[in-house]
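Engineer: Contents are mmCIF, C-alpha atoms; file name structure05.cif:
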```
data_coords
loop_
_atom_site.label_atom_id
_atom_site.label_comp_id
_atom_site.auth_asym_id
_atom_site.auth_seq_id
_atom_site.Cartn_x
_atom_site.Cartn_y
_atom_site.Cartn_z
CA MET L 31 2.46 58.54 4.15
CA ALA L 32 -0.68 56.74 5.30
CA GLY L 33 -1.82 55.87 1.75
CA ALA L 34 1.33 53.81 1.18
CA GLY L 35 0.57 51.86 4.39
CA ILE L 36 -2.85 50.91 3.07
CA ARG L 37 -1.39 49.79 -0.22
CA GLU L 38 1.05 47.61 1.69
CA PHE L 39 -1.83 46.03 3.64
CA LYS L 40 -3.70 45.36 0.41
CA ARG L 41 -0.67 43.66 -1.07
CA ARG L 42 -0.26 41.42 1.93
CA ILE L 43 -3.94 40.48 2.04
CA ARG L 44 -3.80 39.54 -1.62
CA SER L 45 -0.76 37.38 -1.02
CA VAL L 46 -2.37 35.57 1.91
CA LYS L 47 -5.51 35.04 -0.15
CA ASN L 48 -3.47 33.41 -2.90
CA THR L 49 -1.88 31.07 -0.38
CA GLN L 50 -5.28 30.30 1.06
CA GLN L 51 -6.59 29.33 -2.35
CA ILE L 52 -3.70 26.94 -2.80
CA THR L 53 -4.14 25.32 0.60
CA LYS L 54 -7.87 25.01 0.03
CA ALA L 55 -7.29 23.29 -3.31
CA MET L 56 -4.71 20.96 -1.74
CA LYS L 57 -7.19 20.05 0.95
CA MET L 58 -9.81 19.12 -1.59
CA VAL L 59 -7.34 17.13 -3.68
CA SER L 60 -6.26 15.24 -0.56
CA ALA L 61 -9.86 14.51 0.34
CA ALA L 62 -10.40 12.93 -3.06
CA LYS L 63 -7.16 10.97 -2.86
CA LEU L 64 -7.98 9.84 0.65
CA ARG L 65 -11.23 8.36 -0.59
CA ARG L 66 -9.39 6.49 -3.31
CA ALA L 67 -6.79 5.24 -0.85
CA GLN L 68 -9.49 4.01 1.49
CA GLU L 69 -11.20 2.19 -1.33
CA ALA L 70 -7.92 0.53 -2.27
CA ALA L 71 -7.40 -0.54 1.34
CA GLU L 72 -10.93 -1.92 1.43
CA ALA L 73 -10.39 -3.85 -1.81
CA SER L 74 -7.23 -5.47 -0.46
CA ARG L 75 -8.90 -6.75 2.69
CA PRO L 76 -10.39 -10.04 1.39
CA TYR L 77 -6.99 -11.22 0.14
CA ASN L 78 -5.18 -10.16 3.25
CA GLU L 79 -7.66 -11.73 5.62
CA THR L 80 -7.98 -15.01 3.78
CA LEU L 81 -4.22 -15.27 3.64
CA ARG L 82 -3.90 -14.63 7.35
CA ASP L 83 -6.63 -17.10 8.26
CA THR L 84 -5.11 -19.79 6.12
CA LEU L 85 -1.67 -19.16 7.55
CA ALA L 86 -3.00 -19.34 11.09
CA ARG L 87 -4.70 -22.61 10.31
CA LEU L 88 -1.63 -24.04 8.66
CA ALA L 89 0.58 -22.95 11.53
CA ALA L 90 -1.68 -24.91 13.85
CA VAL L 91 -1.36 -28.17 11.92
CA THR L 92 2.29 -27.96 10.87
CA PHE L 93 4.42 -28.20 13.95
CA ASP L 94 7.98 -28.71 12.99
CA VAL L 95 8.35 -27.04 9.66
CA GLN L 96 11.82 -25.68 9.15
CA HIS L 97 11.82 -22.53 7.15
CA PRO L 98 14.38 -19.76 7.30
CA LEU L 99 11.64 -17.13 7.34
CA LEU L 100 10.15 -18.66 10.48
CA ALA L 101 13.29 -19.43 12.45
CA LYS L 102 14.16 -16.97 15.18
CA ARG L 103 17.89 -16.36 15.17
CA GLU L 104 19.88 -16.70 18.35
CA ASP L 105 22.63 -14.34 17.32
CA VAL L 106 21.12 -11.12 16.01
CA LYS L 107 23.74 -8.86 14.45
CA LYS L 108 21.76 -6.48 12.35
CA VAL L 109 18.14 -5.37 12.48
CA GLY L 110 16.41 -3.86 9.48
CA TYR L 111 13.68 -1.26 9.62
CA VAL L 112 11.36 -0.69 6.69
CA VAL L 113 10.32 2.93 7.26
CA ILE L 114 7.35 4.05 5.18
CA THR L 115 6.87 7.81 4.79
CA ALA L 116 5.40 10.06 2.12
CA ASP L 117 7.28 11.40 -0.86
CA ARG L 118 6.10 14.90 -0.12
CA GLY L 119 5.73 17.20 2.82
CA LEU L 120 2.98 19.69 3.62
CA CYS L 121 1.19 17.12 5.71
CA GLY L 122 1.82 18.38 9.21
CA ALA L 123 3.93 16.20 11.49
CA TYR L 124 3.07 13.02 9.57
CA ASN L 125 6.57 12.22 8.28
CA THR L 126 8.29 13.42 11.42
CA ASN L 127 6.11 11.21 13.59
CA ILE L 128 6.97 8.09 11.64
CA ILE L 129 10.69 8.79 11.63
CA ARG L 130 10.52 9.55 15.34
CA ALA L 131 8.73 6.24 15.97
CA ALA L 132 11.43 4.41 14.01
CA ASN L 133 14.22 6.13 15.91
CA ALA L 134 12.54 5.50 19.25
CA SER L 135 12.24 1.83 18.40
CA ILE L 136 15.90 1.70 17.42
CA GLU L 137 16.97 3.41 20.64
CA ALA L 138 14.76 1.19 22.76
CA ASP L 139 16.56 -1.87 21.41
CA GLU L 140 18.95 -2.77 24.19
CA ARG L 141 20.85 -5.43 22.32
CA LYS L 142 24.12 -4.21 20.91
CA VAL L 143 23.20 -4.57 17.27
CA GLU L 144 23.59 -2.72 14.02
CA HIS L 145 20.61 -1.13 12.34
CA GLY L 146 19.80 -0.85 8.68
CA ILE L 147 17.11 1.33 7.19
CA ILE L 148 15.06 0.41 4.15
CA ALA L 149 13.49 3.74 3.29
CA VAL L 150 10.18 3.84 1.46
CA GLY L 151 9.23 7.35 0.41
CA ARG L 152 11.45 10.34 -0.26
CA LYS L 153 11.12 11.86 3.20
CA ALA L 154 12.51 8.80 4.95
CA ARG L 155 15.31 8.51 2.41
CA ASP L 156 16.32 12.16 2.76
CA PHE L 157 16.35 11.87 6.52
CA TYR L 158 18.44 8.71 6.73
CA ARG L 159 20.75 9.63 3.88
CA LYS L 160 22.11 12.44 5.99
CA ARG L 161 22.83 9.96 8.74
CA SER L 162 24.35 6.55 8.37
CA GLY L 163 22.55 3.26 7.98
CA LEU L 164 20.53 3.68 4.79
CA ASP L 165 20.54 0.23 3.18
CA ALA L 166 18.01 0.61 0.41
CA GLU L 167 15.44 3.05 -0.87
CA PHE L 168 12.13 2.77 -2.68
CA VAL L 169 10.87 6.21 -3.68
CA ASN L 170 8.33 7.79 -6.01
CA LEU L 171 5.73 5.07 -5.56
CA GLY L 172 3.04 7.61 -6.43
CA ASP L 173 -0.51 7.80 -5.19
CA ASN L 174 -1.70 4.56 -6.71
CA ILE L 175 0.11 1.78 -4.92
CA SER L 176 0.28 -1.45 -6.88
CA TYR L 177 0.98 -4.84 -5.41
CA ALA L 178 4.09 -5.04 -7.57
CA ASP L 179 5.66 -2.28 -5.41
CA ALA L 180 5.01 -4.28 -2.27
CA ARG L 181 6.37 -7.43 -3.82
CA GLU L 182 9.56 -5.67 -4.84
CA ILE L 183 10.15 -4.42 -1.31
CA GLY L 184 9.25 -7.84 0.07
CA GLN L 185 11.69 -9.51 -2.30
CA TYR L 186 14.50 -7.21 -1.19
CA VAL L 187 13.79 -7.84 2.49
CA ILE L 188 13.52 -11.60 2.07
CA ASN L 189 16.77 -11.73 0.10
CA ALA L 190 18.62 -9.69 2.70
CA TYR L 191 17.22 -11.90 5.41
CA GLU L 192 18.12 -15.14 3.69
CA ASN L 193 21.64 -13.91 2.93
CA GLU L 194 21.94 -13.10 6.64
CA GLU L 195 22.57 -9.43 5.98
CA LEU L 196 19.63 -8.81 8.26
CA ASP L 197 18.62 -11.00 11.19
CA GLU L 198 15.35 -9.32 11.99
CA VAL L 199 13.11 -6.93 10.09
CA HIS L 200 10.56 -4.48 11.42
CA LEU L 201 7.99 -2.44 9.60
CA VAL L 202 7.31 1.18 10.59
CA TYR L 203 4.24 2.84 9.14
CA ALA L 204 1.27 5.01 10.04
CA LYS L 205 -1.89 3.12 10.79
CA PHE L 206 -4.95 4.99 9.57
CA VAL L 207 -7.54 5.50 12.28
CA ASN L 208 -9.43 8.48 10.90
CA VAL L 209 -8.70 11.78 9.19
CA LEU L 210 -7.49 13.34 12.43
CA ARG L 211 -5.62 10.36 13.78
CA GLN L 212 -2.78 8.34 12.29
CA VAL L 213 -0.87 6.12 14.65
CA PRO L 214 2.80 5.37 13.91
CA THR L 215 3.11 1.61 14.30
CA VAL L 216 6.09 -0.72 14.52
CA THR L 217 5.49 -4.40 13.72
CA GLN L 218 7.82 -7.32 13.25
CA LEU L 219 8.02 -8.57 9.70
CA LEU L 220 10.76 -11.19 9.96
CA PRO L 221 11.12 -13.78 11.32
CA ILE L 222 7.44 -14.34 10.68
CA VAL L 223 5.27 -14.66 13.74
CA PRO L 224 2.36 -16.79 12.56
CA PRO L 225 -0.90 -15.02 13.28
CA GLU L 226 -3.04 -16.39 16.08
CA LYS L 227 -6.41 -17.83 15.32
CA ASP L 228 -9.46 -16.05 16.62
CA GLU L 229 -10.76 -17.51 19.86
CA GLU L 230 -14.11 -18.75 18.57
CA GLU L 231 -12.53 -20.31 15.55
CA LYS L 232 -10.33 -22.54 17.64
CA GLU L 233 -13.31 -24.71 18.52
CA ILE L 234 -14.06 -25.81 15.01
CA VAL L 235 -11.33 -27.92 13.52
CA ILE L 236 -11.94 -28.54 9.86
CA ASP L 237 -10.33 -31.51 8.31
CA TYR L 238 -8.84 -30.03 5.18
CA LEU L 239 -7.21 -31.92 2.39
CA TYR L 240 -3.82 -30.38 1.72
CA GLU L 241 -2.48 -30.62 -1.77
CA PRO L 242 0.44 -31.40 -2.03
CA SER L 243 0.96 -31.12 1.76
CA ALA L 244 0.35 -28.67 4.57
CA ASP L 245 4.08 -28.08 4.94
CA GLU L 246 4.60 -27.22 1.33
CA ILE L 247 1.64 -24.90 1.20
CA LEU L 248 2.93 -23.15 4.27
CA LEU L 249 6.30 -22.62 2.62
CA ALA L 250 4.70 -21.24 -0.53
CA LEU L 251 2.57 -18.96 1.56
CA LEU L 252 5.22 -17.28 3.68
CA PRO L 253 6.74 -14.96 1.06
CA ARG L 254 3.24 -13.97 -0.01
CA TYR L 255 2.38 -13.18 3.54
CA ILE L 256 5.32 -10.76 3.71
CA GLY L 257 4.23 -9.14 0.47
CA SER L 258 0.68 -8.81 1.67
CA GLN L 259 1.76 -7.27 4.98
CA ILE L 260 3.91 -4.71 3.21
CA PHE L 261 1.13 -3.96 0.74
CA ASN L 262 -1.27 -3.46 3.57
CA ALA L 263 1.16 -1.10 5.32
CA LEU L 264 1.68 0.87 2.11
CA LEU L 265 -2.05 1.32 1.65
CA GLU L 266 -2.56 2.34 5.27
CA SER L 267 0.29 4.82 4.96
CA LYS L 268 -1.19 6.31 1.83
CA ALA L 269 -4.55 6.83 3.51
CA SER L 270 -2.79 8.27 6.57
CA GLU L 271 -0.72 10.63 4.44
CA HIS L 272 -3.76 12.06 2.71
CA GLY L 273 -5.66 12.25 5.97
CA ALA L 274 -2.78 14.16 7.57
CA ARG L 275 -2.44 16.46 4.58
CA MET L 276 -6.15 17.18 4.61
CA THR L 277 -6.00 18.18 8.24
CA ALA L 278 -2.84 20.24 7.78
CA MET L 279 -4.22 22.06 4.77
CA GLY L 280 -7.55 22.63 6.51
CA ASN L 281 -5.68 24.25 9.39
CA ALA L 282 -3.59 26.32 6.99
CA THR L 283 -6.74 27.56 5.26
CA ASP L 284 -8.26 28.53 8.61
CA ASN L 285 -5.07 30.29 9.66
CA ALA L 286 -4.99 32.20 6.41
CA ALA L 287 -8.58 33.35 7.01
CA GLU L 288 -7.56 34.55 10.45
CA ILE L 289 -4.58 36.47 9.09
CA ILE L 290 -6.77 38.05 6.43
CA ASP L 291 -9.24 39.19 9.12
CA THR L 292 -6.48 40.71 11.24
CA LEU L 293 -4.90 42.43 8.27
CA THR L 294 -8.26 43.77 7.06
CA LEU L 295 -8.98 45.17 10.51
CA ALA L 296 -5.56 46.81 10.68
CA MET L 297 -5.98 48.20 7.19
CA ASN L 298 -9.38 49.72 8.02
CA LYS L 299 -7.95 51.29 11.15
CA ALA L 300 -5.10 52.75 9.14
CA ARG L 301 -7.55 54.14 6.59
CA GLN L 302 -9.70 55.67 9.32
CA ALA L 303 -6.62 57.23 10.86
CA ALA L 304 -5.61 58.64 7.49
CA ILE L 305 -9.07 60.13 6.95
CA THR L 306 -9.10 61.63 10.44
CA ASP L 307 -5.70 63.13 9.75
CA GLU L 308 -6.93 64.68 6.56
CA ILE L 309 -10.06 66.10 8.19
CA LEU L 310 -7.93 67.58 10.93
CA ASP L 311 -5.71 69.11 8.29
CA ILE L 312 -8.64 70.63 6.45
CA VAL L 313 -10.29 71.89 9.62
CA GLY L 314 -6.96 73.30 10.77
CA GLY L 315 -6.46 75.01 7.40
CA ALA L 316 -9.99 76.47 7.43
CA GLU L 317 -9.49 77.76 10.97
CA ALA L 318 -6.26 79.42 9.93
CA LEU L 319 -7.96 81.04 6.92
CA LYS L 320 -10.78 82.31 9.11
CA LYS L 321 -8.31 83.85 11.52
CA GLY L 322 -6.33 85.41 8.63
CA GLY L 323 -9.52 86.92 7.11
CA LYS L 324 -10.53 88.66 10.31
CA MET I 69 -29.17 -26.38 -13.21
CA ALA I 70 -28.86 -24.06 -10.30
CA ASP I 71 -28.47 -26.99 -7.91
CA ASN I 72 -25.03 -28.08 -8.94
CA THR I 73 -23.34 -24.70 -8.68
CA TYR I 74 -21.10 -23.25 -5.99
CA LEU I 75 -19.41 -19.93 -5.42
CA LEU I 76 -16.04 -19.32 -7.04
CA GLU I 77 -14.12 -16.26 -5.89
CA VAL I 78 -10.87 -15.09 -7.39
CA VAL I 79 -9.08 -12.66 -5.11
CA THR I 80 -5.91 -10.66 -5.75
CA PRO I 81 -4.25 -8.23 -3.35
CA GLU I 82 -5.69 -5.33 -5.31
CA ARG I 83 -9.28 -6.46 -5.71
CA VAL I 84 -11.81 -9.28 -5.84
CA LEU I 85 -11.56 -10.12 -9.51
CA GLN I 86 -14.68 -12.21 -9.64
CA SER I 87 -17.27 -13.79 -7.46
CA LYS I 88 -19.91 -15.91 -9.12
CA GLN I 89 -21.69 -19.23 -9.21
CA VAL I 90 -19.98 -21.93 -11.24
CA SER I 91 -20.62 -25.61 -11.78
CA PHE I 92 -17.10 -26.81 -12.45
CA THR I 93 -13.58 -25.43 -11.98
CA VAL I 94 -10.19 -26.73 -13.03
CA VAL I 95 -7.24 -25.16 -11.25
CA PRO I 96 -3.53 -25.56 -12.06
CA ALA I 97 -2.39 -27.17 -8.81
CA ILE I 98 1.30 -27.87 -8.26
CA ASP I 99 0.94 -31.61 -8.84
CA GLY I 100 -1.25 -31.25 -11.91
CA GLU I 101 -4.69 -29.97 -12.67
CA LEU I 102 -7.43 -30.33 -10.13
CA GLY I 103 -11.14 -30.38 -10.91
CA ILE I 104 -13.65 -29.13 -8.40
CA MET I 105 -17.39 -29.73 -8.44
CA LYS I 106 -20.13 -29.03 -5.96
CA ASN I 107 -19.82 -30.59 -2.50
CA HIS I 108 -16.09 -30.97 -2.73
CA ALA I 109 -14.34 -31.89 0.49
CA PRO I 110 -12.56 -29.05 2.33
CA LEU I 111 -9.32 -28.45 0.48
CA VAL I 112 -6.32 -26.18 0.44
CA ALA I 113 -4.07 -26.53 -2.58
CA ALA I 114 -1.04 -24.62 -3.81
CA LEU I 115 -1.27 -23.44 -7.39
CA ASN I 116 1.18 -23.12 -10.21
CA ILE I 117 1.39 -20.33 -12.72
CA GLY I 118 -1.19 -21.41 -15.27
CA VAL I 119 -4.73 -21.33 -16.57
CA LEU I 120 -7.82 -21.66 -14.44
CA ARG I 121 -10.94 -22.85 -16.25
CA TYR I 122 -14.48 -22.76 -15.03
CA VAL I 123 -17.96 -23.47 -16.32
CA ASP I 124 -20.43 -20.83 -15.20
CA GLU I 125 -24.17 -21.06 -14.62
CA SER I 126 -25.05 -20.61 -18.27
CA GLY I 127 -22.79 -23.52 -19.13
CA SER I 128 -20.17 -21.55 -21.00
CA GLN I 129 -16.48 -22.19 -20.43
CA ASN I 130 -14.20 -19.39 -19.32
CA LYS I 131 -10.48 -19.11 -18.80
CA MET I 132 -8.33 -17.07 -16.52
CA ALA I 133 -4.58 -16.68 -16.14
CA VAL I 134 -3.32 -16.93 -12.56
CA SER I 135 0.22 -16.46 -11.29
CA GLY I 136 0.47 -19.04 -8.55
CA GLY I 137 -1.09 -18.71 -5.14
CA PHE I 138 -3.53 -21.19 -3.69
CA ILE I 139 -7.14 -22.28 -3.54
CA GLU I 140 -9.28 -22.95 -0.53
CA VAL I 141 -12.54 -24.89 -0.77
CA LEU I 142 -14.98 -24.98 2.11
CA ASP I 143 -18.77 -25.41 2.29
CA ASN I 144 -19.29 -24.95 -1.41
CA GLU I 145 -17.21 -21.80 -1.54
CA ALA I 146 -14.00 -21.88 -3.49
CA ARG I 147 -11.60 -19.03 -3.05
CA VAL I 148 -8.55 -18.59 -5.23
CA LEU I 149 -5.83 -16.31 -3.88
CA ALA I 150 -3.36 -15.23 -6.52
CA GLU I 151 -0.88 -12.36 -6.71
CA THR I 152 -2.22 -11.56 -10.15
CA ALA I 153 -5.16 -12.95 -12.11
CA GLU I 154 -6.73 -11.88 -15.38
CA HIS I 155 -9.83 -12.84 -17.32
CA GLY I 156 -8.96 -14.48 -20.62
CA HIS I 157 -10.90 -11.92 -22.62
CA GLU I 158 -9.16 -9.03 -20.87
CA ILE I 159 -5.66 -10.13 -21.71
CA ASP I 160 -3.63 -8.00 -24.08
CA VAL I 161 -2.42 -10.66 -26.50
CA LEU I 162 0.20 -8.47 -28.16
CA ARG I 163 1.78 -7.62 -24.84
CA ALA I 164 1.75 -11.23 -23.73
CA LYS I 165 3.40 -12.28 -26.98
CA ALA I 166 6.06 -9.63 -26.58
CA ALA I 167 6.66 -10.75 -22.99
CA ARG I 168 7.02 -14.34 -24.14
CA GLU I 169 9.57 -13.44 -26.80
CA ARG I 170 11.51 -11.35 -24.34
CA ALA I 171 11.59 -14.16 -21.79
CA GLU I 172 12.61 -16.74 -24.40
CA LYS I 173 15.42 -14.52 -25.62
CA ARG I 174 16.68 -14.04 -22.10
CA LEU I 175 16.60 -17.77 -21.46
CA GLN I 176 18.67 -18.41 -24.56
CA GLN I 177 21.46 -16.06 -23.60
CA ARG I 178 22.30 -18.03 -20.53
CA ALA I 179 25.57 -16.19 -20.00
CA GLU I 180 24.48 -14.11 -17.01
CA ASN I 181 22.31 -16.69 -15.32
CA ILE I 182 21.46 -14.43 -12.40
CA ASN I 183 17.90 -13.90 -13.51
CA TYR I 184 17.43 -17.36 -14.89
CA ALA I 185 14.70 -18.33 -12.44
CA ARG I 186 13.00 -15.02 -12.93
CA ALA I 187 13.03 -15.28 -16.71
CA GLU I 188 11.60 -18.77 -16.47
CA GLN I 189 8.76 -17.49 -14.30
CA ALA I 190 8.13 -14.66 -16.72
CA LEU I 191 7.96 -17.13 -19.58
CA LYS I 192 5.50 -19.32 -17.70
CA ARG I 193 3.35 -16.31 -16.93
CA ALA I 194 3.36 -15.15 -20.54
CA ILE I 195 2.43 -18.62 -21.79
CA ALA I 196 -0.36 -18.91 -19.22
CA ARG I 197 -1.75 -15.57 -20.34
CA LEU I 198 -1.60 -16.56 -24.00
CA LYS I 199 -3.33 -19.85 -23.24
CA ALA I 200 -6.04 -18.12 -21.24
CA ALA I 201 -6.59 -15.69 -24.08
CA GLY I 202 -6.76 -18.63 -26.52
CA ALA I 203 -3.86 -17.29 -28.54
CA TYR I 204 -1.19 -19.84 -27.68
CA THR I 205 0.80 -21.47 -30.44
CA ASP I 206 3.93 -23.55 -30.05
#
```
Please lay out the structure from this file as structure tokens.
Structural biologist:
Amino acid sequence: MAGAGIREFKRRIRSVKNTQQITKAMKMVSAAKLRRAQEAAEASRPYNETLRDTLARLAAVTFDVQHPLLAKREDVKKVGYVVITADRGLCGAYNTNIIRAANASIEADERKVEHGIIAVGRKARDFYRKRSGLDAEFVNLGDNISYADAREIGQYVINAYENEELDEVHLVYAKFVNVLRQVPTVTQLLPIVPPEKDEEEKEIVIDYLYEPSADEILLALLPRYIGSQIFNALLESKASEHGARMTAMGNATDNAAEIIDTLTLAMNKARQAAITDEILDIVGGAEALKKGGK
Amino acid sequence: MADNTYLLEVVTPERVLQSKQVSFTVVPAIDGELGIMKNHAPLVAALNIGVLRYVDESGSQNKMAVSGGFIEVLDNEARVLAETAEHGHEIDVLRAKAARERAEKRLQQRAENINYARAEQALKRAIARLKAAGAYTD
């Protein structure tokens, strides 16, 4: 019966509306979290930049410092990848893109070497657990990244590197460009490649006093540099995740609106058809009565 | 008064903890404490876990606990980079005391000496925080 069809439409519209409300709320929550993540990234910049500048300067004055974190190994047996994804889904292709970037980087490596994955975030862990090569996992970091998280990951990586379990470590994360654009990025973490000085800065050579010595400061700095790089990547990833989720949820909300429009149109048509049917029935009945009365 | 001050910044990975004019700073460098006044020569020094003291514009002394890192001085700007840093008056004394006891206990049971270095660091940090808060007793 036509009436049942309309009820069915109503039920479906209500269901889509509920979903739309959820996606809309998620979008707004992500927008708020994105702002917080961006603020955190902003707040970490002075430390990160000063550290990098100092390291670049030190690298220029210390020529033959021997440090295991700096030495490039001739015989690379195993390469580690720190893959940073989100703990949750519902953020479009965000997690998939990062994992794909990691896998592409692994496949592009033409040396015959083993690969180990250090998964950060539940999505990366779940993906690599099903395959082989998951070395360590850091999950449930939450929305507020603290430096302690980065240091813990850094400590693990440095230990593995110093024990020669890993001979090279790369970092895979999503660089935040804007809400619509997050670029999966692969950078080398270990051995440390000292950052280059900016061109203009090269001109001015400042005669610093180093206390106790440039070499020793450099050595103290290296583990911190790793920690700061990981922290930076975690913050960028967080901002990217919320940006991606905002976009995905915005799209979902729009799609829901479209479905509601289509369903409403179909429902109205069905109602019209039902009314027309009924009128035809009545008219037909009246005609029949008229004929019978004659 | 304003003439003999310079900018002291304390920066951690999470935020810029402070940025203000000071007249004198003492930092816990690796080879002992290091005092810095205005017009100091350019300097980069590694820091120990310890207490940083400074005299601000109004002439009052302040303390801060820092967990290592380093300081850079250039053109009357001193920048301390530390993994963690806390103002003396913001430190939770009870927590610091508890942390100190925990670390001391761990150091005494030397049996599993895997975390020996770590416990020692934790103890140093706790003591630095107590000292910065002015609640340190032997």
Engineer: Using all atoms listed in the file, which protein or nucleic acid residues come within 12 Å of stretch 298-304 of chain L? Drop anything in the same chain fewer than 3 positions from it, and give the result as an MDAnalysis selection string.
Structural biologist: chainID L and resid 31:40 291:295 307:311
Engineer: Which residues match the PyMOL selection byres ((chain L and resi 108) around 9) in the file above, as a PyMOL selection string?
Structural biologist: chain L and resi 106-107+109-110+143-146+194-199
Engineer: Taking only C-alpha atoms into account, report as a list of chain:residue names which residues of chain I lie within 8 Å of chain L.
Structural biologist: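 Matching residues, ligands excluded from the count: I:Val79, I:Thr80, I:Pro81, I:Glu82, I:Arg83, I:Val84, I:Ala97, I:Ile98, I:Asp99, I:Ala109, I:Pro110, I:Leu111, I:Val112, I:Ala113, I:Ala114, I:Gly137, I:Leu149, I:Glu151.
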Engineer: Quick one, how far is atom CA of I:Val90 from atom CA of I:Gly156?
Structural biologist: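 Computed distance, atom CA of I:Val90 to atom CA of I:Gly156, equals 16.3 Å.
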Engineer: For the structure shown, which residues end up in the PyMOL selection byres ((chain L and resi 211) around 12)? Put them as a list in words, please?
Structural biologist: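 Written out, the selection comes to Gly122, Ala123, Tyr124, Asn127, Ala204, Lys205, Phe206, Val207, Asn208, Val209, Leu210, Gln212, Val213, Pro214, Ser267, Ala269, Ser270, Glu271, His272, Gly273, Ala274, Arg275, Met276, Thr277 and Ala278 of chain L.
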Engineer: In Å, with one decimal, what is the gap from atom CA of L:Glu79 to atom CA of I:Leu120?
Structural biologist: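 Between these atoms lies a distance of 22.4 Å.
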Engineer: Tell me which protein, DNA and RNA residues are within 10 Å of stretch 159-162 of chain L, counting only C-alpha atoms, leaving out same-chain ones fewer than 4 positions away, and put them as an MDAnalysis selection string.
Structural biologist: chainID L and resid 145:147 149 153:155 167
Engineer: Could you tell me how far atom CA of L:Gln68 sits from atom CA of L:Met56, in Å to one decimal place?
Structural biologist: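 Those two atoms sit 17.9 Å apart.
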Engineer: Residues near stretch 113-116 of chain L, anyone? I mean within 6 Å using only C-alpha atoms, not counting same-chain ones fewer than 5 positions away, as a list in words.
Structural biologist: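 So the residues in contact are Asn125, Ala149, Val150, Gly151, Ala154, Val202 and Tyr203 of chain L.
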Engineer: Any chance you could resolve the PyMOL selection byres ((chain L and resi 188) around 10) against this file and give the residues as a tab-separated table (two decimals) with C-alpha atoms, keeping the file's coordinate frame?
Structural biologist:
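Generated file (result09.tsv):
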```
chain	number	residue	atom	x	y	z
L	98	PRO	CA	14.38	-19.76	7.30
L	99	LEU	CA	11.64	-17.13	7.34
L	182	GLU	CA	9.56	-5.67	-4.84
L	183	ILE	CA	10.15	-4.42	-1.31
L	184	GLY	CA	9.25	-7.84	0.07
L	185	GLN	CA	11.69	-9.51	-2.30
L	186	TYR	CA	14.50	-7.21	-1.19
L	187	VAL	CA	13.79	-7.84	2.49
L	189	ASN	CA	16.77	-11.73	0.10
L	190	ALA	CA	18.62	-9.69	2.70
L	191	TYR	CA	17.22	-11.90	5.41
L	192	GLU	CA	18.12	-15.14	3.69
L	193	ASN	CA	21.64	-13.91	2.93
L	194	GLU	CA	21.94	-13.10	6.64
L	196	LEU	CA	19.63	-8.81	8.26
L	199	VAL	CA	13.11	-6.93	10.09
L	219	LEU	CA	8.02	-8.57	9.70
L	220	LEU	CA	10.76	-11.19	9.96
L	221	PRO	CA	11.12	-13.78	11.32
L	253	PRO	CA	6.74	-14.96	1.06
L	256	ILE	CA	5.32	-10.76	3.71
L	257	GLY	CA	4.23	-9.14	0.47
```
Engineer: List the spatial neighbours of stretch 192-194 of chain I as a list in words - criterion: any atom at most 7 Å away, only C-alpha atoms, same-chain residues fewer than 6 positions off excluded.
Structural biologist: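 Near stretch 192-194 of chain I, the qualifying residues are Ile117, Ser135, Ala164, Ala167 and Arg168 of chain I.
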Engineer: I'd like the neighbourhood of I:Gly202 as a ChimeraX atom specification, where a residue qualifies if any of its atoms comes within 10 Å (using only C-alpha atoms), though same-chain residues fewer than 4 positions away should be ignored.
Structural biologist: /I:131,156-157,159,161,196-198
Engineer: Here is a test: counting all atoms listed in the file, which residue of I:Ala171, I:Lys199, I:Gly118, I:Gln86 is nearest to I:Arg186?
Structural biologist: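 Answer, going by the shortest atom-to-atom distance: I:Ala171.
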Engineer: For each of I:Ile139, I:Asp160, I:Gln89, I:Tyr74, take the minimum atom-to-atom distance to I:Ser126, counting all atoms listed in the file, then give the residue where this is smallest.
Structural biologist: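 Closest residue, counting all atoms listed in the file: I:Gln89.
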Engineer: Name the closest residue to I:Ala133 among the candidates I:Val94, I:Ala153, I:Val148, I:Leu191; distances are taken between atoms, counting all atoms listed in the file.
Structural biologist: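 Smallest distance to I:Ala133 is found for I:Ala153.
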Engineer: For the point (-8.4, -29.8, -12.9) in the file's frame, write as a list in words all residues with an atom no more than 9 Å away, counting all atoms listed in the file.
Structural biologist: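 Using all atoms listed in the file, the matching residues come out as Thr93, Val94, Val95, Pro96, Ala97, Gly100, Glu101, Leu102, Gly103, Ile104, Leu120 and Arg121 of chain I.
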Engineer: Complete stretch 198-202 of chain I at the level of N, CA and C atoms, written as a compact mmCIF listing (two decimals), in the coordinates of the input.
Structural biologist:
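Okay, part_14.txt is ready:
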```
# COMPACT_ATOMS: atom_id res chain seq x y z
N LEU I 198 -1.24 -16.28 -22.61
CA LEU I 198 -1.60 -16.56 -24.00
C LEU I 198 -2.62 -17.71 -24.06
N LYS I 199 -2.41 -18.72 -23.25
CA LYS I 199 -3.33 -19.85 -23.24
C LYS I 199 -4.71 -19.41 -22.79
N ALA I 200 -4.74 -18.59 -21.75
CA ALA I 200 -6.04 -18.12 -21.24
C ALA I 200 -6.75 -17.28 -22.29
N ALA I 201 -5.99 -16.53 -23.06
CA ALA I 201 -6.59 -15.69 -24.08
C ALA I 201 -6.92 -16.50 -25.33
N GLY I 202 -6.49 -17.76 -25.36
CA GLY I 202 -6.76 -18.63 -26.52
C GLY I 202 -5.90 -18.28 -27.71
```
